[in-house]
Amino acid sequence: MARTLPSGMPGDTSAAASVRVTLSSLARMAAEGKPFACLTCYDATTARWLARGGVHVLLVGDTAAEMVLGLGRTIDMPLEVLIALTAGVKRGAPDVVVMGDMPFMSYHASESDAIRNAGRFLTEGMADIVKLEADASFAPLVEKMTRAGIPVCGHVGSKPQQAALTSGYASAGRTASEARRVVDDAVALERAGAKLLLVEAVPAEVTLAILDATTVPLIGIGAGTDCHGQVLVLQDLVGMTERPPRFAEPVASLGRSFEDAAREWVGRVGTRRIGGQSYSMRAGEAEKLAAEGFPRVRQGLVDDASAAPARSVSIPRSGARDQRST
Ligand code: KIV
């Protein structure tokens with residue numbers, strides 16, 4: 001059966017031509033003081049709509065562990081799944097920067113594994129850049145990745161993959177010495193070649209200090225308004241999570257919309273009002289089938305002949321071609 005091509009997917013020409021976002025254009029925006037927008041995304045269809053909305057960067061985060069797989073911790077995110085999701089997002093939004101998030105243990109055990117795994121995000125995942133939660137001790141690894149041609153975003157500040165050490169997801173940089181450490185991490189990662197930095201859950205002063213000490217675009221989440229770019233977990237933004245973090249202000253109530261749509265569908269199914277168009281048999285074929293002794297088919301023909309309007313789920317006898325397939 002032929003499926004209609006979802007508009008905006010490769011091969012579709014209906015979507016308005018968009019300007020391609022690259023790491024260079026992000027750097028340009030940062031230099032010009034124009035903030036750029038980043039959201040997490042885990043699938044092609046959503047990516048297409050977010051790109052149409054003008055989002056510049058899509059982060060295929062290890063938060064997919066929670067948002068997609070229903071796991072309780074981001075450290076359980078499987079590498080293979082995240083690479084596959086990254087490729088889906090890039091297919092849906094080929095003209096935005098797609099960032100693959102290296103999951104727990106995909107870059108910690110050995111440098112060669114780390115570089116190979118990062119490379120897979122670029123080749124199989126079609127990512128434009130990989131992100132790693134890192135402190136200054138990861139600088140030599142970032143340097144090697146960069147030498148291999150892999151653009152890196154260094155994630156500093158609060159690092160959810162360290163939750164077992166910090167007894168949960170914690171903010172960072174709330175004392176001067178902690179703040180200094182976060183800034184030093186950012187500086188070390190930039191020196192090692194990081195093309196972007198991301199800082200999570202720090203006071204605004206720490207963000208300002210990072211901006212003073214570094215030159216690459218800085219993306220923030222829960223890090224105040226001064227960053228060059230801002231990121232949120234999509235489900236927090238669109239009202240699909242029960243308890244979004246304090247820094248995420250929902251701008252929609254899609255959770256409720258899904259609930260309402262589900263309730264409506266349940267009602268329609270229950271009352272046989274499913275809408276849309278059914279497939280039709282060619283002229284005279286239903287009669288032949290009925291003649292072979294199927295009582296329900298025969299009754300359907302009787303109903304159609306005697307009752308108008310027909311039941312909405314009955315098979316139309318017009319012979320008209322279905323719109324989507326032959
Ligand atoms: O995995 C993720 O979604 C992230 C963001 C919360 C920054 O790292």
# chains A, B, ... in the order shown; residues from 1 in each chain; ligands from 1
$ residues_near_ligand --ligand "ligand 1" --cutoff "6 Å" --atoms "only C-alpha atoms and all ligand atoms" --output "JSON, numbers by chain"
{"A": [40, 61, 62, 63, 233]}
$ write_last_selection --atoms "N, CA and C atoms" --output "compact mmCIF listing (two decimals), in the first residue's frame"
# COMPACT_ATOMS: atom_id res chain seq x y z
N THR A 40 15.16 19.81 23.04
CA THR A 40 15.41 18.38 22.86
C THR A 40 14.37 17.85 21.88
N GLY A 61 18.81 14.32 23.40
CA GLY A 61 19.39 14.17 24.72
C GLY A 61 19.21 12.78 25.30
N ASP A 62 20.05 12.49 26.29
CA ASP A 62 19.85 11.21 26.99
C ASP A 62 18.61 11.27 27.87
N THR A 63 17.96 12.45 27.93
CA THR A 63 16.65 12.53 28.58
C THR A 63 15.62 11.68 27.83
N VAL A 233 14.00 20.81 27.73
CA VAL A 233 13.43 19.52 27.33
C VAL A 233 12.05 19.83 26.72
$ residues_around --residues "Tyr107 of chain A" --least-positions-apart "2" --cutoff "12 Å" --atoms "only C-alpha atoms" --output "list in words"
Leu79, Asp101, Met102, Pro103, Phe104, Met105, Ala109, Ser110, Glu111, Ser112, Asp113, Ala114, Ile115, Arg116, Asn117, Ala118, Gly119, Val130, Lys131, Leu132, Glu133, Ala134, Phe138, Leu141, Val142, Met145 and Gln161 of chain A
$ write_last_selection --atoms "N, CA and C atoms" --output "PDB file, in the first residue's frame"
ATOM      1  N   LEU A  79      23.141   3.392  24.108  1.00  0.00           N
ATOM      2  CA  LEU A  79      23.841   4.103  23.019  1.00  0.00           C
ATOM      3  C   LEU A  79      23.185   3.837  21.660  1.00  0.00           C
ATOM      4  N   ASP A 101      23.666  13.363  22.021  1.00  0.00           N
ATOM      5  CA  ASP A 101      24.129  13.392  23.410  1.00  0.00           C
ATOM      6  C   ASP A 101      24.793  12.064  23.730  1.00  0.00           C
ATOM      7  N   MET A 102      26.067  12.098  24.082  1.00  0.00           N
ATOM      8  CA  MET A 102      26.739  10.828  24.371  1.00  0.00           C
ATOM      9  C   MET A 102      26.280  10.311  25.734  1.00  0.00           C
ATOM     10  N   PRO A 103      25.679   9.109  25.754  1.00  0.00           N
ATOM     11  CA  PRO A 103      25.123   8.630  27.019  1.00  0.00           C
ATOM     12  C   PRO A 103      26.198   8.108  27.973  1.00  0.00           C
ATOM     13  N   PHE A 104      25.762   7.908  29.192  1.00  0.00           N
ATOM     14  CA  PHE A 104      26.603   7.385  30.265  1.00  0.00           C
ATOM     15  C   PHE A 104      27.366   6.137  29.793  1.00  0.00           C
ATOM     16  N   MET A 105      28.651   6.110  30.080  1.00  0.00           N
ATOM     17  CA  MET A 105      29.528   4.977  29.771  1.00  0.00           C
ATOM     18  C   MET A 105      29.862   4.827  28.287  1.00  0.00           C
ATOM     19  N   ALA A 109      34.942   4.775  29.550  1.00  0.00           N
ATOM     20  CA  ALA A 109      35.778   3.595  29.833  1.00  0.00           C
ATOM     21  C   ALA A 109      37.133   3.662  29.139  1.00  0.00           C
ATOM     22  N   SER A 110      37.128   4.077  27.874  1.00  0.00           N
ATOM     23  CA  SER A 110      38.427   4.215  27.191  1.00  0.00           C
ATOM     24  C   SER A 110      38.312   5.268  26.103  1.00  0.00           C
ATOM     25  N   GLU A 111      39.432   5.908  25.817  1.00  0.00           N
ATOM     26  CA  GLU A 111      39.415   6.985  24.824  1.00  0.00           C
ATOM     27  C   GLU A 111      39.065   6.445  23.446  1.00  0.00           C
ATOM     28  N   SER A 112      39.570   5.248  23.126  1.00  0.00           N
ATOM     29  CA  SER A 112      39.296   4.744  21.774  1.00  0.00           C
ATOM     30  C   SER A 112      37.811   4.434  21.607  1.00  0.00           C
ATOM     31  N   ASP A 113      37.195   3.838  22.630  1.00  0.00           N
ATOM     32  CA  ASP A 113      35.740   3.614  22.563  1.00  0.00           C
ATOM     33  C   ASP A 113      35.008   4.937  22.429  1.00  0.00           C
ATOM     34  N   ALA A 114      35.447   5.913  23.220  1.00  0.00           N
ATOM     35  CA  ALA A 114      34.768   7.213  23.225  1.00  0.00           C
ATOM     36  C   ALA A 114      34.813   7.850  21.835  1.00  0.00           C
ATOM     37  N   ILE A 115      35.964   7.801  21.204  1.00  0.00           N
ATOM     38  CA  ILE A 115      36.103   8.441  19.889  1.00  0.00           C
ATOM     39  C   ILE A 115      35.282   7.677  18.858  1.00  0.00           C
ATOM     40  N   ARG A 116      35.334   6.343  18.932  1.00  0.00           N
ATOM     41  CA  ARG A 116      34.534   5.529  17.999  1.00  0.00           C
ATOM     42  C   ARG A 116      33.040   5.806  18.191  1.00  0.00           C
ATOM     43  N   ASN A 117      32.597   5.870  19.446  1.00  0.00           N
ATOM     44  CA  ASN A 117      31.172   6.110  19.710  1.00  0.00           C
ATOM     45  C   ASN A 117      30.749   7.504  19.243  1.00  0.00           C
ATOM     46  N   ALA A 118      31.620   8.474  19.487  1.00  0.00           N
ATOM     47  CA  ALA A 118      31.310   9.834  19.025  1.00  0.00           C
ATOM     48  C   ALA A 118      31.215   9.849  17.501  1.00  0.00           C
ATOM     49  N   GLY A 119      32.145   9.128  16.868  1.00  0.00           N
ATOM     50  CA  GLY A 119      32.125   9.056  15.403  1.00  0.00           C
ATOM     51  C   GLY A 119      30.830   8.439  14.891  1.00  0.00           C
ATOM     52  N   VAL A 130      28.485  16.351  18.812  1.00  0.00           N
ATOM     53  CA  VAL A 130      28.146  15.497  19.958  1.00  0.00           C
ATOM     54  C   VAL A 130      28.346  16.293  21.246  1.00  0.00           C
ATOM     55  N   LYS A 131      27.554  15.949  22.235  1.00  0.00           N
ATOM     56  CA  LYS A 131      27.679  16.617  23.544  1.00  0.00           C
ATOM     57  C   LYS A 131      28.154  15.611  24.581  1.00  0.00           C
ATOM     58  N   LEU A 132      29.100  16.048  25.403  1.00  0.00           N
ATOM     59  CA  LEU A 132      29.467  15.212  26.540  1.00  0.00           C
ATOM     60  C   LEU A 132      29.477  16.004  27.821  1.00  0.00           C
ATOM     61  N   GLU A 133      28.964  15.391  28.878  1.00  0.00           N
ATOM     62  CA  GLU A 133      29.055  15.995  30.203  1.00  0.00           C
ATOM     63  C   GLU A 133      30.497  15.847  30.646  1.00  0.00           C
ATOM     64  N   ALA A 134      31.154  16.982  30.881  1.00  0.00           N
ATOM     65  CA  ALA A 134      32.604  16.892  31.047  1.00  0.00           C
ATOM     66  C   ALA A 134      33.129  17.947  32.004  1.00  0.00           C
ATOM     67  N   PHE A 138      38.401  15.952  30.998  1.00  0.00           N
ATOM     68  CA  PHE A 138      38.051  15.397  29.692  1.00  0.00           C
ATOM     69  C   PHE A 138      38.696  16.178  28.533  1.00  0.00           C
ATOM     70  N   LEU A 141      40.511  14.183  25.877  1.00  0.00           N
ATOM     71  CA  LEU A 141      39.591  13.422  25.020  1.00  0.00           C
ATOM     72  C   LEU A 141      38.942  14.340  23.988  1.00  0.00           C
ATOM     73  N   VAL A 142      38.506  15.509  24.440  1.00  0.00           N
ATOM     74  CA  VAL A 142      37.870  16.458  23.516  1.00  0.00           C
ATOM     75  C   VAL A 142      38.875  16.855  22.425  1.00  0.00           C
ATOM     76  N   MET A 145      39.015  13.986  19.958  1.00  0.00           N
ATOM     77  CA  MET A 145      37.804  13.955  19.127  1.00  0.00           C
ATOM     78  C   MET A 145      37.867  15.057  18.071  1.00  0.00           C
ATOM     79  N   GLN A 161      24.484  12.897  34.582  1.00  0.00           N
ATOM     80  CA  GLN A 161      25.076  11.556  34.562  1.00  0.00           C
ATOM     81  C   GLN A 161      25.891  11.272  35.834  1.00  0.00           C
TER      82      GLN A 161
END
$ residues_around --residues "segment 254-265 of chain A" --least-positions-apart "2" --cutoff "10 Å" --atoms "only C-alpha atoms" --output "ChimeraX atom specification"
/A:235,237-242,250-252,267-271,273-274
$ write_last_selection --atoms "C-alpha atoms" --output "mmCIF file, in the first residue's frame"
data_model
loop_
_atom_site.group_PDB
_atom_site.id
_atom_site.type_symbol
_atom_site.label_atom_id
_atom_site.label_comp_id
_atom_site.auth_asym_id
_atom_site.auth_seq_id
_atom_site.Cartn_x
_atom_site.Cartn_y
_atom_site.Cartn_z
ATOM 1 C CA GLN A 235 8.087 17.886 26.964
ATOM 2 C CA LEU A 237 8.023 23.303 27.321
ATOM 3 C CA VAL A 238 4.844 21.923 25.796
ATOM 4 C CA GLY A 239 3.215 20.800 29.033
ATOM 5 C CA MET A 240 3.671 17.060 28.822
ATOM 6 C CA THR A 241 5.587 16.491 32.048
ATOM 7 C CA GLU A 242 3.851 16.403 35.408
ATOM 8 C CA PRO A 250 5.369 25.541 29.768
ATOM 9 C CA VAL A 251 3.969 27.447 26.782
ATOM 10 C CA ALA A 252 1.337 24.859 25.832
ATOM 11 C CA GLY A 267 -15.800 7.876 22.246
ATOM 12 C CA ARG A 268 -15.786 7.745 18.454
ATOM 13 C CA VAL A 269 -14.631 4.151 18.370
ATOM 14 C CA GLY A 270 -17.304 3.258 20.923
ATOM 15 C CA THR A 271 -20.012 4.820 18.762
ATOM 16 C CA ARG A 273 -17.936 7.287 14.198
ATOM 17 C CA ILE A 274 -14.319 6.887 13.135
#
$ select_by_dssp --residues "segment 32-249 of chain A" --states "alpha helix (DSSP H)" --output "PyMOL selection string"
chain A and resi 44-52+64-67+79-92+111-123+139-147+163-166+176-191+204-213+234-237
$ select_by_dssp --residues "segment 22-73 of chain A" --states "strand (DSSP E or B)" --output "PDB file with N, CA and C atoms, in the first residue's frame"
ATOM      1  N   PHE A  36      19.908  32.146  20.106  1.00  0.00           N
ATOM      2  CA  PHE A  36      19.365  31.045  19.313  1.00  0.00           C
ATOM      3  C   PHE A  36      18.665  30.034  20.221  1.00  0.00           C
ATOM      4  N   ALA A  37      17.732  29.304  19.607  1.00  0.00           N
ATOM      5  CA  ALA A  37      16.853  28.419  20.377  1.00  0.00           C
ATOM      6  C   ALA A  37      17.171  26.963  20.117  1.00  0.00           C
ATOM      7  N   CYS A  38      17.189  26.212  21.197  1.00  0.00           N
ATOM      8  CA  CYS A  38      17.498  24.786  21.127  1.00  0.00           C
ATOM      9  C   CYS A  38      16.432  24.046  21.936  1.00  0.00           C
ATOM     10  N   LEU A  39      16.001  22.908  21.447  1.00  0.00           N
ATOM     11  CA  LEU A  39      15.066  22.055  22.195  1.00  0.00           C
ATOM     12  C   LEU A  39      15.525  20.611  22.082  1.00  0.00           C
ATOM     13  N   THR A  40      15.165  19.808  23.043  1.00  0.00           N
ATOM     14  CA  THR A  40      15.406  18.382  22.863  1.00  0.00           C
ATOM     15  C   THR A  40      14.373  17.849  21.884  1.00  0.00           C
ATOM     16  N   VAL A  57      18.632  24.528  16.985  1.00  0.00           N
ATOM     17  CA  VAL A  57      19.403  23.342  17.379  1.00  0.00           C
ATOM     18  C   VAL A  57      18.450  22.319  17.998  1.00  0.00           C
ATOM     19  N   LEU A  58      18.557  21.075  17.571  1.00  0.00           N
ATOM     20  CA  LEU A  58      17.782  19.999  18.214  1.00  0.00           C
ATOM     21  C   LEU A  58      18.760  19.078  18.927  1.00  0.00           C
ATOM     22  N   LEU A  59      18.548  18.922  20.214  1.00  0.00           N
ATOM     23  CA  LEU A  59      19.413  18.068  21.030  1.00  0.00           C
ATOM     24  C   LEU A  59      18.712  16.730  21.249  1.00  0.00           C
ATOM     25  N   VAL A  60      19.337  15.677  20.749  1.00  0.00           N
ATOM     26  CA  VAL A  60      18.790  14.344  20.998  1.00  0.00           C
ATOM     27  C   VAL A  60      19.427  13.882  22.308  1.00  0.00           C
TER      28      VAL A  60
END
$ closest_residue --among "A:Asp128, A:Glu249, A:Asp226, A:Glu143" --to "Ala194 of chain A" --atoms "only C-alpha atoms"
A:Glu143
$ closest_atom_pairs --of "segment 140-172 of chain A" --to "segment 200-220 of chain A" --cutoff "7 Å" --atoms "only C-alpha atoms" --output "Markdown table"
| residue | atom | partner | partner_atom | distance |
| --- | --- | --- | --- | --- |
| A:Val156 | CA | A:Glu200 | CA | 6.6 |
| A:Gly157 | CA | A:Glu200 | CA | 5.2 |
| A:Ser158 | CA | A:Glu200 | CA | 5.1 |
| A:Ser171 | CA | A:Ala201 | CA | 4.9 |
| A:Ala172 | CA | A:Val202 | CA | 5.2 |
$ write_last_selection --atoms "C-alpha atoms" --output "compact mmCIF listing (two decimals), in the first residue's frame"
# COMPACT_ATOMS: atom_id res chain seq x y z
CA VAL A 156 29.39 21.80 32.30
CA GLY A 157 27.72 22.84 35.55
CA SER A 158 25.15 20.34 36.75
CA SER A 171 22.52 22.58 40.81
CA ALA A 172 26.15 23.67 40.54
$ closest_residue --among "A:Lys195, A:Arg20, A:Arg48, A:Arg91" --to "Cys153 of chain A" --atoms "only C-alpha atoms"
A:Lys195
$ residues_around --residues "Arg181 of chain A" --least-positions-apart "3" --cutoff "10 Å" --atoms "only C-alpha atoms" --output "mmCIF file with C-alpha atoms, in the first residue's frame"
data_model
loop_
_atom_site.group_PDB
_atom_site.id
_atom_site.type_symbol
_atom_site.label_atom_id
_atom_site.label_comp_id
_atom_site.auth_asym_id
_atom_site.auth_seq_id
_atom_site.Cartn_x
_atom_site.Cartn_y
_atom_site.Cartn_z
ATOM 1 C CA ASP A 135 34.959 18.593 33.427
ATOM 2 C CA ALA A 136 38.479 19.760 32.686
ATOM 3 C CA VAL A 156 29.394 21.803 32.299
ATOM 4 C CA GLY A 157 27.717 22.836 35.550
ATOM 5 C CA ALA A 172 26.153 23.670 40.537
ATOM 6 C CA GLY A 173 28.330 26.707 41.154
ATOM 7 C CA THR A 175 29.782 28.896 46.054
ATOM 8 C CA ALA A 176 32.662 30.920 44.650
ATOM 9 C CA SER A 177 34.975 27.903 44.600
ATOM 10 C CA GLU A 178 32.385 25.691 42.890
ATOM 11 C CA ASP A 184 37.664 26.391 34.642
ATOM 12 C CA ASP A 185 35.946 23.333 33.128
ATOM 13 C CA ALA A 186 34.385 25.484 30.407
ATOM 14 C CA VAL A 187 37.713 27.159 29.631
ATOM 15 C CA VAL A 206 28.387 31.678 36.890
#
$ atom_distance --atom1 "atom CA of Lys90 of chain A" --atom2 "atom CA of Ala127 of chain A"
6.9 Å
$ residues_around --residues "segment 84-89 of chain A" --least-positions-apart "4" --cutoff "6 Å" --atoms "only C-alpha atoms" --output "ChimeraX atom specification"
/A:42-44,47,60,125-126
$ closest_residue --among "A:Pro140, A:Gly222, A:Gly54, A:Gly229" --to "Ala192 of chain A" --atoms "only C-alpha atoms"
A:Pro140
$ atom_distance --atom1 "atom CA of Val199 of chain A" --atom2 "atom CA of Val182 of chain A"
8.7 Å
$ atom_distance --atom1 "atom CA of Leu23 of chain A" --atom2 "atom CA of Arg147 of chain A"
16.8 Å
